$ cat protein-v1.cif   # mmCIF, C-alpha atoms and all ligand atoms
data_input
#
loop_
_atom_site.group_PDB
_atom_site.id
_atom_site.type_symbol
_atom_site.label_atom_id
_atom_site.label_comp_id
_atom_site.auth_asym_id
_atom_site.auth_seq_id
_atom_site.Cartn_x
_atom_site.Cartn_y
_atom_site.Cartn_z
ATOM 1 C CA MET A 1 -19.404 -62.441 -100.956
ATOM 2 C CA GLN A 2 -17.478 -64.305 -103.647
ATOM 3 C CA GLU A 3 -19.460 -66.804 -105.677
ATOM 4 C CA THR A 4 -18.236 -69.769 -107.644
ATOM 5 C CA SER A 5 -19.581 -72.968 -109.113
ATOM 6 C CA THR A 6 -16.321 -74.790 -109.833
ATOM 7 C CA ILE A 7 -14.007 -76.642 -107.447
ATOM 8 C CA ALA A 8 -10.918 -75.236 -109.217
ATOM 9 C CA GLN A 9 -12.023 -71.632 -108.720
ATOM 10 C CA LEU A 10 -13.135 -72.309 -105.144
ATOM 11 C CA GLN A 11 -9.704 -73.701 -104.323
ATOM 12 C CA GLU A 12 -8.001 -70.747 -105.991
ATOM 13 C CA ILE A 13 -10.019 -68.342 -103.820
ATOM 14 C CA LEU A 14 -9.350 -70.379 -100.675
ATOM 15 C CA LEU A 15 -5.629 -70.777 -101.291
ATOM 16 C CA ASN A 16 -4.855 -67.139 -100.522
ATOM 17 C CA PHE A 17 -6.795 -67.279 -97.264
ATOM 18 C CA LYS A 18 -5.119 -70.537 -96.264
ATOM 19 C CA LEU A 19 -1.639 -69.219 -97.074
ATOM 20 C CA SER A 20 -2.246 -66.256 -94.813
ATOM 21 C CA GLY A 21 -3.248 -68.605 -91.980
ATOM 22 C CA LYS A 22 -6.979 -67.858 -91.986
ATOM 23 C CA SER A 23 -9.293 -70.501 -90.518
ATOM 24 C CA ILE A 24 -12.117 -71.806 -92.706
ATOM 25 C CA GLY A 25 -15.606 -72.627 -91.421
ATOM 26 C CA PHE A 26 -17.856 -74.596 -93.760
ATOM 27 C CA VAL A 27 -21.661 -74.905 -93.867
ATOM 28 C CA PRO A 28 -22.936 -77.449 -96.418
ATOM 29 C CA THR A 29 -26.594 -76.983 -97.395
ATOM 30 C CA MET A 30 -29.099 -77.881 -100.079
ATOM 31 C CA GLY A 31 -30.355 -74.295 -100.314
ATOM 32 C CA ALA A 32 -33.904 -72.983 -99.808
ATOM 33 C CA LEU A 33 -32.273 -71.349 -96.839
ATOM 34 C CA HIS A 34 -34.091 -70.363 -93.655
ATOM 35 C CA ALA A 35 -33.133 -69.044 -90.223
ATOM 36 C CA GLY A 36 -31.938 -72.529 -89.174
ATOM 37 C CA HIS A 37 -29.281 -72.519 -91.905
ATOM 38 C CA ILE A 38 -28.391 -68.916 -91.140
ATOM 39 C CA SER A 39 -27.786 -69.792 -87.463
ATOM 40 C CA LEU A 40 -25.073 -72.214 -88.683
ATOM 41 C CA ILE A 41 -23.511 -69.477 -90.824
ATOM 42 C CA GLU A 42 -23.543 -67.104 -87.853
ATOM 43 C CA LYS A 43 -21.902 -69.657 -85.555
ATOM 44 C CA ALA A 44 -19.274 -70.396 -88.217
ATOM 45 C CA LYS A 45 -18.678 -66.670 -88.590
ATOM 46 C CA VAL A 46 -17.938 -66.271 -84.861
ATOM 47 C CA GLU A 47 -15.539 -69.230 -84.763
ATOM 48 C CA ASN A 48 -13.637 -68.783 -88.062
ATOM 49 C CA ASP A 49 -11.970 -66.097 -90.186
ATOM 50 C CA ILE A 50 -13.689 -67.164 -93.411
ATOM 51 C CA VAL A 51 -17.075 -68.836 -93.926
ATOM 52 C CA VAL A 52 -17.878 -70.979 -96.953
ATOM 53 C CA CYS A 53 -21.449 -72.072 -97.637
ATOM 54 C CA SER A 54 -22.250 -74.660 -100.288
ATOM 55 C CA ILE A 55 -25.625 -75.000 -101.940
ATOM 56 C CA PHE A 56 -26.034 -78.288 -103.735
ATOM 57 C CA VAL A 57 -29.151 -80.436 -103.977
ATOM 58 C CA ASN A 58 -27.368 -83.763 -103.890
ATOM 59 C CA PRO A 59 -29.144 -86.311 -106.128
ATOM 60 C CA THR A 60 -27.422 -89.353 -104.594
ATOM 61 C CA GLN A 61 -29.062 -88.853 -101.203
ATOM 62 C CA PHE A 62 -32.649 -88.803 -102.507
ATOM 63 C CA ASN A 63 -34.190 -92.256 -102.329
ATOM 64 C CA ASP A 64 -37.491 -90.815 -103.588
ATOM 65 C CA PRO A 65 -37.154 -89.267 -107.113
ATOM 66 C CA ASN A 66 -40.271 -87.146 -106.538
ATOM 67 C CA ASP A 67 -38.729 -85.611 -103.418
ATOM 68 C CA LEU A 68 -35.716 -84.554 -105.519
ATOM 69 C CA ILE A 69 -37.902 -83.005 -108.230
ATOM 70 C CA LYS A 70 -40.053 -81.162 -105.691
ATOM 71 C CA TYR A 71 -37.168 -80.029 -103.470
ATOM 72 C CA PRO A 72 -37.560 -76.224 -103.152
ATOM 73 C CA ARG A 73 -34.970 -74.073 -104.920
ATOM 74 C CA THR A 74 -34.701 -70.350 -104.140
ATOM 75 C CA PRO A 75 -31.226 -69.270 -105.356
ATOM 76 C CA GLU A 76 -31.782 -65.492 -105.394
ATOM 77 C CA GLN A 77 -33.290 -65.395 -101.912
ATOM 78 C CA ASP A 78 -30.496 -67.689 -100.640
ATOM 79 C CA LYS A 79 -27.825 -65.305 -101.955
ATOM 80 C CA HIS A 80 -29.518 -62.384 -100.260
ATOM 81 C CA LEU A 81 -29.718 -64.195 -96.902
ATOM 82 C CA LEU A 82 -26.078 -65.321 -97.096
ATOM 83 C CA LEU A 83 -24.901 -61.833 -97.971
ATOM 84 C CA ASN A 84 -26.767 -60.389 -94.970
ATOM 85 C CA ALA A 85 -25.345 -63.073 -92.691
ATOM 86 C CA GLY A 86 -21.783 -62.155 -93.715
ATOM 87 C CA CYS A 87 -20.975 -65.362 -95.595
ATOM 88 C CA ASP A 88 -17.651 -64.917 -97.431
ATOM 89 C CA ILE A 89 -17.847 -67.556 -100.161
ATOM 90 C CA LEU A 90 -20.826 -69.238 -101.804
ATOM 91 C CA PHE A 91 -20.073 -72.460 -103.643
ATOM 92 C CA SER A 92 -22.974 -73.669 -105.800
ATOM 93 C CA PRO A 93 -21.774 -76.373 -108.180
ATOM 94 C CA ALA A 94 -23.796 -78.178 -110.847
ATOM 95 C CA VAL A 95 -24.304 -81.937 -110.593
ATOM 96 C CA ASP A 96 -21.581 -82.654 -113.192
ATOM 97 C CA GLU A 97 -19.046 -80.699 -111.188
ATOM 98 C CA MET A 98 -19.545 -82.863 -108.097
ATOM 99 C CA TYR A 99 -20.166 -86.109 -110.005
ATOM 100 C CA PRO A 100 -18.129 -86.030 -113.236
ATOM 101 C CA GLU A 101 -18.678 -89.773 -113.175
ATOM 102 C CA LYS A 102 -20.862 -92.103 -111.114
ATOM 103 C CA ASP A 103 -19.707 -92.322 -107.497
ATOM 104 C CA SER A 104 -19.778 -96.000 -106.604
ATOM 105 C CA ARG A 105 -18.205 -95.669 -103.163
ATOM 106 C CA MET A 106 -20.032 -97.566 -100.433
ATOM 107 C CA PHE A 107 -19.549 -96.416 -96.856
ATOM 108 C CA ASP A 108 -19.804 -98.479 -93.699
ATOM 109 C CA PHE A 109 -21.604 -96.755 -90.835
ATOM 110 C CA GLY A 110 -21.620 -99.715 -88.435
ATOM 111 C CA GLU A 111 -25.010 -99.919 -86.733
ATOM 112 C CA LEU A 112 -25.741 -96.203 -87.123
ATOM 113 C CA ASP A 113 -27.655 -96.462 -90.400
ATOM 114 C CA LYS A 114 -29.632 -99.586 -89.541
ATOM 115 C CA VAL A 115 -32.322 -97.598 -87.715
ATOM 116 C CA MET A 116 -34.687 -94.650 -88.256
ATOM 117 C CA GLU A 117 -33.756 -92.621 -91.392
ATOM 118 C CA GLY A 118 -31.292 -95.282 -92.529
ATOM 119 C CA ALA A 119 -33.937 -98.003 -92.283
ATOM 120 C CA HIS A 120 -36.635 -95.920 -94.008
ATOM 121 C CA ARG A 121 -34.510 -94.250 -96.697
ATOM 122 C CA PRO A 122 -32.291 -96.902 -98.320
ATOM 123 C CA GLY A 123 -29.039 -95.422 -99.657
ATOM 124 C CA HIS A 124 -29.734 -91.992 -98.197
ATOM 125 C CA PHE A 125 -26.757 -91.840 -95.836
ATOM 126 C CA ASN A 126 -24.413 -93.360 -98.399
ATOM 127 C CA GLY A 127 -25.330 -90.442 -100.674
ATOM 128 C CA VAL A 128 -24.826 -87.995 -97.806
ATOM 129 C CA ALA A 129 -21.370 -89.469 -97.111
ATOM 130 C CA GLN A 130 -20.459 -89.298 -100.810
ATOM 131 C CA ILE A 131 -21.251 -85.616 -101.120
ATOM 132 C CA VAL A 132 -19.944 -84.539 -97.705
ATOM 133 C CA SER A 133 -16.609 -86.292 -98.317
ATOM 134 C CA LYS A 134 -16.338 -84.643 -101.759
ATOM 135 C CA LEU A 135 -17.205 -81.227 -100.332
ATOM 136 C CA PHE A 136 -14.741 -81.622 -97.444
ATOM 137 C CA ASP A 137 -12.085 -82.541 -99.993
ATOM 138 C CA ALA A 138 -12.881 -79.452 -102.085
ATOM 139 C CA VAL A 139 -13.072 -76.953 -99.201
ATOM 140 C CA LYS A 140 -10.671 -78.550 -96.680
ATOM 141 C CA PRO A 141 -12.309 -76.646 -93.821
ATOM 142 C CA ASP A 142 -11.011 -76.401 -90.246
ATOM 143 C CA ARG A 143 -14.559 -76.705 -88.905
ATOM 144 C CA ALA A 144 -17.817 -77.877 -90.474
ATOM 145 C CA TYR A 145 -21.245 -77.034 -89.064
ATOM 146 C CA PHE A 146 -24.187 -79.434 -88.984
ATOM 147 C CA GLY A 147 -27.638 -79.083 -87.431
ATOM 148 C CA LYS A 148 -28.903 -81.403 -84.694
ATOM 149 C CA LYS A 149 -32.204 -81.191 -86.578
ATOM 150 C CA ASP A 150 -30.749 -84.009 -88.713
ATOM 151 C CA PHE A 151 -29.571 -85.904 -85.661
ATOM 152 C CA GLN A 152 -28.713 -89.199 -87.341
ATOM 153 C CA GLN A 153 -26.926 -87.400 -90.186
ATOM 154 C CA LEU A 154 -24.784 -85.576 -87.622
ATOM 155 C CA ALA A 155 -23.899 -88.891 -85.901
ATOM 156 C CA ILE A 156 -22.988 -90.436 -89.268
ATOM 157 C CA ILE A 157 -20.821 -87.510 -90.308
ATOM 158 C CA LYS A 158 -18.977 -87.588 -86.971
ATOM 159 C CA TYR A 159 -18.473 -91.328 -87.503
ATOM 160 C CA ILE A 160 -17.017 -91.118 -91.034
ATOM 161 C CA THR A 161 -14.850 -88.178 -90.002
ATOM 162 C CA ARG A 162 -13.302 -90.390 -87.291
ATOM 163 C CA GLN A 163 -13.148 -93.498 -89.517
ATOM 164 C CA LEU A 164 -11.452 -91.683 -92.406
ATOM 165 C CA ASN A 165 -9.320 -89.478 -90.116
ATOM 166 C CA LEU A 166 -10.612 -86.384 -91.888
ATOM 167 C CA PRO A 167 -8.814 -83.284 -90.584
ATOM 168 C CA VAL A 168 -11.982 -81.328 -89.800
ATOM 169 C CA GLN A 169 -13.794 -80.556 -86.571
ATOM 170 C CA ILE A 170 -17.529 -81.294 -86.707
ATOM 171 C CA ILE A 171 -19.557 -78.665 -84.842
ATOM 172 C CA PRO A 172 -23.145 -79.584 -83.857
ATOM 173 C CA CYS A 173 -25.677 -76.723 -83.906
ATOM 174 C CA GLU A 174 -29.020 -76.381 -82.110
ATOM 175 C CA THR A 175 -32.324 -76.784 -83.968
ATOM 176 C CA MET A 176 -34.063 -73.536 -84.814
ATOM 177 C CA ARG A 177 -37.842 -73.569 -84.525
ATOM 178 C CA GLU A 178 -40.729 -71.408 -85.647
ATOM 179 C CA LYS A 179 -42.426 -69.460 -82.827
ATOM 180 C CA ASP A 180 -45.029 -72.199 -82.412
ATOM 181 C CA GLY A 181 -42.402 -74.961 -82.138
ATOM 182 C CA LEU A 182 -42.271 -76.466 -85.638
ATOM 183 C CA ALA A 183 -38.658 -77.242 -86.561
ATOM 184 C CA MET A 184 -37.561 -75.044 -89.457
ATOM 185 C CA SER A 185 -37.093 -77.044 -92.647
ATOM 186 C CA SER A 186 -36.755 -76.209 -96.332
ATOM 187 C CA ARG A 187 -39.616 -78.628 -96.932
ATOM 188 C CA ASN A 188 -42.045 -76.612 -94.750
ATOM 189 C CA VAL A 189 -42.824 -74.304 -97.697
ATOM 190 C CA ARG A 190 -44.462 -77.281 -99.401
ATOM 191 C CA LEU A 191 -47.088 -77.601 -96.632
ATOM 192 C CA ASN A 192 -50.532 -76.154 -97.321
ATOM 193 C CA GLU A 193 -52.399 -74.301 -94.586
ATOM 194 C CA GLN A 194 -54.049 -77.401 -93.119
ATOM 195 C CA GLU A 195 -50.874 -79.465 -93.294
ATOM 196 C CA ARG A 196 -48.912 -76.672 -91.649
ATOM 197 C CA LEU A 197 -51.367 -76.727 -88.722
ATOM 198 C CA GLN A 198 -51.128 -80.486 -88.322
ATOM 199 C CA ALA A 199 -47.320 -80.514 -88.738
ATOM 200 C CA LEU A 200 -47.154 -78.722 -85.408
ATOM 201 C CA GLN A 201 -48.151 -81.985 -83.760
ATOM 202 C CA LEU A 202 -44.647 -83.409 -84.404
ATOM 203 C CA SER A 203 -42.919 -80.920 -82.119
ATOM 204 C CA LYS A 204 -45.841 -81.067 -79.666
ATOM 205 C CA VAL A 205 -45.275 -84.807 -79.289
ATOM 206 C CA LEU A 206 -41.551 -84.272 -78.714
ATOM 207 C CA PHE A 207 -42.159 -81.546 -76.112
ATOM 208 C CA PHE A 208 -44.713 -83.784 -74.360
ATOM 209 C CA VAL A 209 -42.215 -86.659 -74.243
ATOM 210 C CA LYS A 210 -39.490 -84.407 -72.856
ATOM 211 C CA GLU A 211 -41.798 -83.043 -70.164
ATOM 212 C CA ASN A 212 -42.916 -86.512 -69.114
ATOM 213 C CA ALA A 213 -39.600 -88.358 -69.521
ATOM 214 C CA ALA A 214 -39.045 -88.602 -65.784
ATOM 215 C CA GLN A 215 -42.582 -89.775 -64.928
ATOM 216 C CA LEU A 216 -43.496 -92.251 -67.681
ATOM 217 C CA SER A 217 -41.746 -95.385 -68.942
ATOM 218 C CA VAL A 218 -40.361 -95.534 -72.486
ATOM 219 C CA LYS A 219 -43.224 -97.887 -73.393
ATOM 220 C CA GLU A 220 -45.806 -95.449 -72.035
ATOM 221 C CA LEU A 221 -44.138 -92.492 -73.764
ATOM 222 C CA LYS A 222 -44.195 -94.318 -77.112
ATOM 223 C CA GLU A 223 -47.829 -95.288 -76.683
ATOM 224 C CA LYS A 224 -48.780 -91.739 -75.814
ATOM 225 C CA ALA A 225 -46.762 -90.330 -78.746
ATOM 226 C CA ASN A 226 -48.406 -92.693 -81.211
ATOM 227 C CA GLU A 227 -51.829 -91.845 -79.787
ATOM 228 C CA MET A 228 -51.119 -88.116 -80.130
ATOM 229 C CA LEU A 229 -50.186 -88.605 -83.786
ATOM 230 C CA SER A 230 -52.977 -90.966 -84.753
ATOM 231 C CA THR A 231 -55.786 -88.435 -84.273
ATOM 232 C CA PHE A 232 -54.479 -86.228 -87.105
ATOM 233 C CA ASP A 233 -55.754 -87.357 -90.494
ATOM 234 C CA LEU A 234 -52.993 -85.714 -92.581
ATOM 235 C CA ILE A 235 -50.146 -87.213 -90.525
ATOM 236 C CA LYS A 236 -48.735 -90.596 -91.428
ATOM 237 C CA ARG A 237 -46.094 -91.588 -88.868
ATOM 238 C CA GLU A 238 -43.020 -93.405 -90.179
ATOM 239 C CA TYR A 239 -41.345 -93.875 -86.814
ATOM 240 C CA PHE A 240 -41.173 -92.536 -83.322
ATOM 241 C CA GLU A 241 -38.101 -93.807 -81.458
ATOM 242 C CA ILE A 242 -36.423 -93.208 -78.152
ATOM 243 C CA ALA A 243 -32.741 -93.900 -78.721
ATOM 244 C CA ASP A 244 -29.265 -93.660 -77.253
ATOM 245 C CA ALA A 245 -27.845 -90.300 -78.382
ATOM 246 C CA ASP A 246 -24.491 -91.849 -79.392
ATOM 247 C CA THR A 247 -25.308 -95.292 -80.789
ATOM 248 C CA LEU A 248 -28.850 -94.342 -81.998
ATOM 249 C CA GLN A 249 -30.072 -97.783 -80.954
ATOM 250 C CA THR A 250 -33.462 -97.874 -79.210
ATOM 251 C CA VAL A 251 -33.399 -97.939 -75.421
ATOM 252 C CA ASP A 252 -35.962 -98.981 -72.829
ATOM 253 C CA ARG A 253 -34.679 -96.608 -70.173
ATOM 254 C CA ILE A 254 -34.008 -92.883 -70.442
ATOM 255 C CA VAL A 255 -30.631 -91.601 -69.271
ATOM 256 C CA PRO A 256 -30.993 -87.815 -68.938
ATOM 257 C CA GLY A 257 -28.834 -85.993 -71.478
ATOM 258 C CA LYS A 258 -27.862 -89.229 -73.236
ATOM 259 C CA THR A 259 -31.192 -90.122 -74.822
ATOM 260 C CA VAL A 260 -32.974 -88.630 -77.815
ATOM 261 C CA ALA A 261 -36.555 -88.875 -79.068
ATOM 262 C CA CYS A 262 -36.769 -88.909 -82.873
ATOM 263 C CA ILE A 263 -39.774 -88.657 -85.128
ATOM 264 C CA ALA A 264 -40.425 -88.917 -88.865
ATOM 265 C CA ALA A 265 -43.809 -88.500 -90.506
ATOM 266 C CA PHE A 266 -45.449 -87.584 -93.734
ATOM 267 C CA VAL A 267 -47.706 -84.574 -93.394
ATOM 268 C CA GLY A 268 -49.687 -84.787 -96.605
ATOM 269 C CA ASN A 269 -46.976 -85.552 -99.173
ATOM 270 C CA VAL A 270 -44.200 -83.809 -97.255
ATOM 271 C CA ARG A 271 -41.864 -85.919 -95.169
ATOM 272 C CA LEU A 272 -40.673 -84.153 -92.015
ATOM 273 C CA ILE A 273 -38.256 -85.182 -89.259
ATOM 274 C CA ASP A 274 -37.564 -83.748 -85.830
ATOM 275 C CA ASN A 275 -35.967 -84.784 -82.540
ATOM 276 C CA ILE A 276 -35.389 -83.643 -78.997
ATOM 277 C CA SER A 277 -32.795 -84.425 -76.373
ATOM 278 C CA LEU A 278 -34.368 -85.942 -73.259
HETATM 279 P P1 LIG B 301 -30.177 -79.008 -95.569
HETATM 280 O O1 LIG B 301 -30.127 -77.826 -96.457
HETATM 281 O O2 LIG B 301 -31.548 -79.423 -95.167
HETATM 282 O O3 LIG B 301 -29.325 -80.144 -96.061
HETATM 283 O O4 LIG B 301 -29.510 -78.537 -94.205
HETATM 284 C C1 LIG B 301 -28.213 -78.002 -94.175
HETATM 285 C C2 LIG B 301 -27.769 -77.939 -92.736
HETATM 286 O O5 LIG B 301 -28.662 -77.120 -91.991
HETATM 287 C C3 LIG B 301 -27.782 -79.323 -92.061
HETATM 288 O O6 LIG B 301 -26.637 -79.437 -91.229
HETATM 289 C C4 LIG B 301 -29.051 -79.270 -91.260
HETATM 290 O O7 LIG B 301 -29.025 -80.117 -90.129
HETATM 291 C C5 LIG B 301 -29.105 -77.820 -90.859
HETATM 292 N N1 LIG B 301 -30.469 -77.442 -90.499
HETATM 293 C C6 LIG B 301 -31.603 -77.700 -91.199
HETATM 294 N N2 LIG B 301 -32.687 -77.241 -90.532
HETATM 295 C C7 LIG B 301 -32.217 -76.702 -89.383
HETATM 296 C C8 LIG B 301 -32.844 -76.069 -88.263
HETATM 297 N N3 LIG B 301 -34.165 -75.936 -88.177
HETATM 298 N N4 LIG B 301 -32.056 -75.625 -87.257
HETATM 299 C C9 LIG B 301 -30.706 -75.772 -87.323
HETATM 300 N N5 LIG B 301 -30.063 -76.356 -88.347
HETATM 301 C C10 LIG B 301 -30.808 -76.816 -89.362
#
$ encode --input "protein-v1.cif" --output "structure tokens"
Amino acid sequence: MQETSTIAQLQEILLNFKLSGKSIGFVPTMGALHAGHISLIEKAKVENDIVVCSIFVNPTQFNDPNDLIKYPRTPEQDKHLLLNAGCDILFSPAVDEMYPEKDSRMFDFGELDKVMEGAHRPGHFNGVAQIVSKLFDAVKPDRAYFGKKDFQQLAIIKYITRQLNLPVQIIPCETMREKDGLAMSSRNVRLNEQERLQALQLSKVLFFVKENAAQLSVKELKEKANEMLSTFDLIKREYFEIADADTLQTVDRIVPGKTVACIAAFVGNVRLIDNISL
């Protein structure tokens, strides 16, 4: 695995591959890698000649400064996991490399960022769009891999890719879960034993909603979900929404395969999100 922290060197490495007609798959991450990230690397590996993974904890997408400070960083373990997964190039730039000066670009996401994460984390998706567009420009991949775990992020990246005519194919990847159902997340390591137990309730709610989607109304499903969350003292729900899988706007009727249930909650001080297709 070749490693670099500068855009110039990354492009030098990539040039040779591109000249010889090799396809490039790209997996952007913020590190603290787990099996969910590695599943993206593995998919990229199957579908491309060369796989690039970036590790960059992007400051412009953190609306909560404490979340940025406490974001887990495990560079040595990440390298080891990437090496084992057959990643070809690791790009881990410093903040100054990606933001030599303040990025004042403002993106328009239509209605997509007016709900859920966008509504609760002001500026978050603008920061995501800033870094993803910069990374796409640096790597110029044929395909880029994003997890459905961050469902709204995926919708927003597809949207800007279309809007800006970016020459990259966006590949959605399934959410990887722990054996008990909890969605894998870099933030899970910050949960203590009790919080980890209660965090399980997020996926339990989503599985319940999926199982009962045909029998109960959206109103009943939401009531039940909120009830299931309210009995856990360490969980503070931010939202539970049932939304159209394309527009992300809330719906009052479930269309199988075209509707998604999304949840965000603090478990202790750790903010977790998850979703399931209904
Ligand atoms: P992050 O490092 O959290 O920015 O995530 C990097 C990429 O990995 C994003 O496209 C995420 O959606 C994806 N990802 C995070 N967690 C999971 C998971 N449990 N399963 C699949 N993909 C994931």
$ closest_atom_pairs --input "protein-v1.cif" --of "chain A" --to "ligand LIG 301 (chain B)" --cutoff "8 Å" --atoms "all atoms listed in the file" --output "tab-separated table"
residue	atom	partner	partner_atom	distance
A:Val27	CA	B:LIG301	C2	6.9
A:Pro28	CA	B:LIG301	C1	5.8
A:Thr29	CA	B:LIG301	C1	3.7
A:Met30	CA	B:LIG301	O1	3.8
A:Gly31	CA	B:LIG301	O1	5.2
A:Ala32	CA	B:LIG301	O1	7.0
A:Leu33	CA	B:LIG301	O1	6.8
A:His34	CA	B:LIG301	N2	7.7
A:Ala35	CA	B:LIG301	N3	7.3
A:Gly36	CA	B:LIG301	N4	3.6
A:His37	CA	B:LIG301	O5	4.6
A:Ser39	CA	B:LIG301	C9	6.7
A:Leu40	CA	B:LIG301	N5	6.5
A:Ile55	CA	B:LIG301	O1	7.6
A:Val57	CA	B:LIG301	O3	7.9
A:Tyr145	CA	B:LIG301	O6	6.3
A:Phe146	CA	B:LIG301	O6	3.3
A:Gly147	CA	B:LIG301	O7	3.2
A:Lys148	CA	B:LIG301	O7	5.6
A:Lys149	CA	B:LIG301	O7	4.9
A:Asp150	CA	B:LIG301	O7	4.5
A:Phe151	CA	B:LIG301	O7	7.3
A:Gln153	CA	B:LIG301	O7	7.6
A:Leu154	CA	B:LIG301	O7	7.4
A:Cys173	CA	B:LIG301	C9	6.2
A:Glu174	CA	B:LIG301	C9	5.5
A:Thr175	CA	B:LIG301	N4	3.5
A:Met176	CA	B:LIG301	N4	3.8
A:Arg177	CA	B:LIG301	N3	5.7
A:Ala183	CA	B:LIG301	N3	5.0
A:Met184	CA	B:LIG301	N3	3.7
A:Ser185	CA	B:LIG301	N2	4.9
A:Ser186	CA	B:LIG301	O2	6.2
$ resolve_selection --input "protein-v1.cif" --expression "the PyMOL selection byres (((chain A and resi 170) around 10) and not hetatm)" --output "JSON, numbers by chain"
{"A": [26, 141, 142, 143, 144, 145, 146, 154, 155, 157, 158, 161, 167, 168, 169, 171, 172, 173]}
$ closest_residue --input "protein-v1.cif" --among "A:Gly25, A:Gly181, A:Gly118, A:Gly86" --to "Asn275 (chain A)" --atoms "only C-alpha atoms"
A:Gly181
$ resolve_selection --input "protein-v1.cif" --expression "the PyMOL selection byres (((chain A and resi 128) around 9) and not hetatm)" --output "MDAnalysis selection string"
chainID A and resid 58 60:61 123:127 129:133 153 157
$ resolve_selection --input "protein-v1.cif" --expression "the PyMOL selection byres (((chain A and resi 250) around 12) and not hetatm)" --output "number ranges by chain"
A: 111-112, 114-116, 218-219, 222, 239-249, 251-254, 258-262
$ write_last_selection --input "protein-v1.cif" --atoms "C-alpha atoms" --output "PDB file, in the coordinates of the input"
ATOM      1  CA  GLU A 111     -25.010 -99.919 -86.733  1.00  0.00           C
ATOM      2  CA  LEU A 112     -25.741 -96.203 -87.123  1.00  0.00           C
ATOM      3  CA  LYS A 114     -29.632 -99.586 -89.541  1.00  0.00           C
ATOM      4  CA  VAL A 115     -32.322 -97.598 -87.715  1.00  0.00           C
ATOM      5  CA  MET A 116     -34.687 -94.650 -88.256  1.00  0.00           C
ATOM      6  CA  VAL A 218     -40.361 -95.534 -72.486  1.00  0.00           C
ATOM      7  CA  LYS A 219     -43.224 -97.887 -73.393  1.00  0.00           C
ATOM      8  CA  LYS A 222     -44.195 -94.318 -77.112  1.00  0.00           C
ATOM      9  CA  TYR A 239     -41.345 -93.875 -86.814  1.00  0.00           C
ATOM     10  CA  PHE A 240     -41.173 -92.536 -83.322  1.00  0.00           C
ATOM     11  CA  GLU A 241     -38.101 -93.807 -81.458  1.00  0.00           C
ATOM     12  CA  ILE A 242     -36.423 -93.208 -78.152  1.00  0.00           C
ATOM     13  CA  ALA A 243     -32.741 -93.900 -78.721  1.00  0.00           C
ATOM     14  CA  ASP A 244     -29.265 -93.660 -77.253  1.00  0.00           C
ATOM     15  CA  ALA A 245     -27.845 -90.300 -78.382  1.00  0.00           C
ATOM     16  CA  ASP A 246     -24.491 -91.849 -79.392  1.00  0.00           C
ATOM     17  CA  THR A 247     -25.308 -95.292 -80.789  1.00  0.00           C
ATOM     18  CA  LEU A 248     -28.850 -94.342 -81.998  1.00  0.00           C
ATOM     19  CA  GLN A 249     -30.072 -97.783 -80.954  1.00  0.00           C
ATOM     20  CA  VAL A 251     -33.399 -97.939 -75.421  1.00  0.00           C
ATOM     21  CA  ASP A 252     -35.962 -98.981 -72.829  1.00  0.00           C
ATOM     22  CA  ARG A 253     -34.679 -96.608 -70.173  1.00  0.00           C
ATOM     23  CA  ILE A 254     -34.008 -92.883 -70.442  1.00  0.00           C
ATOM     24  CA  LYS A 258     -27.862 -89.229 -73.236  1.00  0.00           C
ATOM     25  CA  THR A 259     -31.192 -90.122 -74.822  1.00  0.00           C
ATOM     26  CA  VAL A 260     -32.974 -88.630 -77.815  1.00  0.00           C
ATOM     27  CA  ALA A 261     -36.555 -88.875 -79.068  1.00  0.00           C
ATOM     28  CA  CYS A 262     -36.769 -88.909 -82.873  1.00  0.00           C
TER      29      CYS A 262
END
$ closest_residue --input "protein-v1.cif" --among "A:Arg271, A:Leu19, A:Val255, A:Glu178" --to "Lys210 (chain A)" --atoms "only C-alpha atoms"
A:Val255
$ atom_distance --input "protein-v1.cif" --atom1 "CA of Ile50 (chain A)" --atom2 "CA of Asp88 (chain A)"
6.1 Å
$ closest_residue --input "protein-v1.cif" --among "A:Phe91, A:Phe136, A:Phe109, A:Tyr99" --to "Ser5 (chain A)" --atoms "all atoms listed in the file"
A:Phe91
$ closest_residue --input "protein-v1.cif" --among "A:Leu182, A:Ile89, A:Leu191, A:Leu221" --to "Asp274 (chain A)" --atoms "only C-alpha atoms"
A:Leu182
$ closest_residue --input "protein-v1.cif" --among "A:Leu166, A:Val267, A:Pro65, A:Ser217" --to "Leu200 (chain A)" --atoms "only C-alpha atoms"
A:Val267
$ closest_residue --input "protein-v1.cif" --among "A:Asp180, A:Leu278, A:Asp108, A:Pro122" --to "Leu164 (chain A)" --atoms "all atoms listed in the file"
A:Asp108
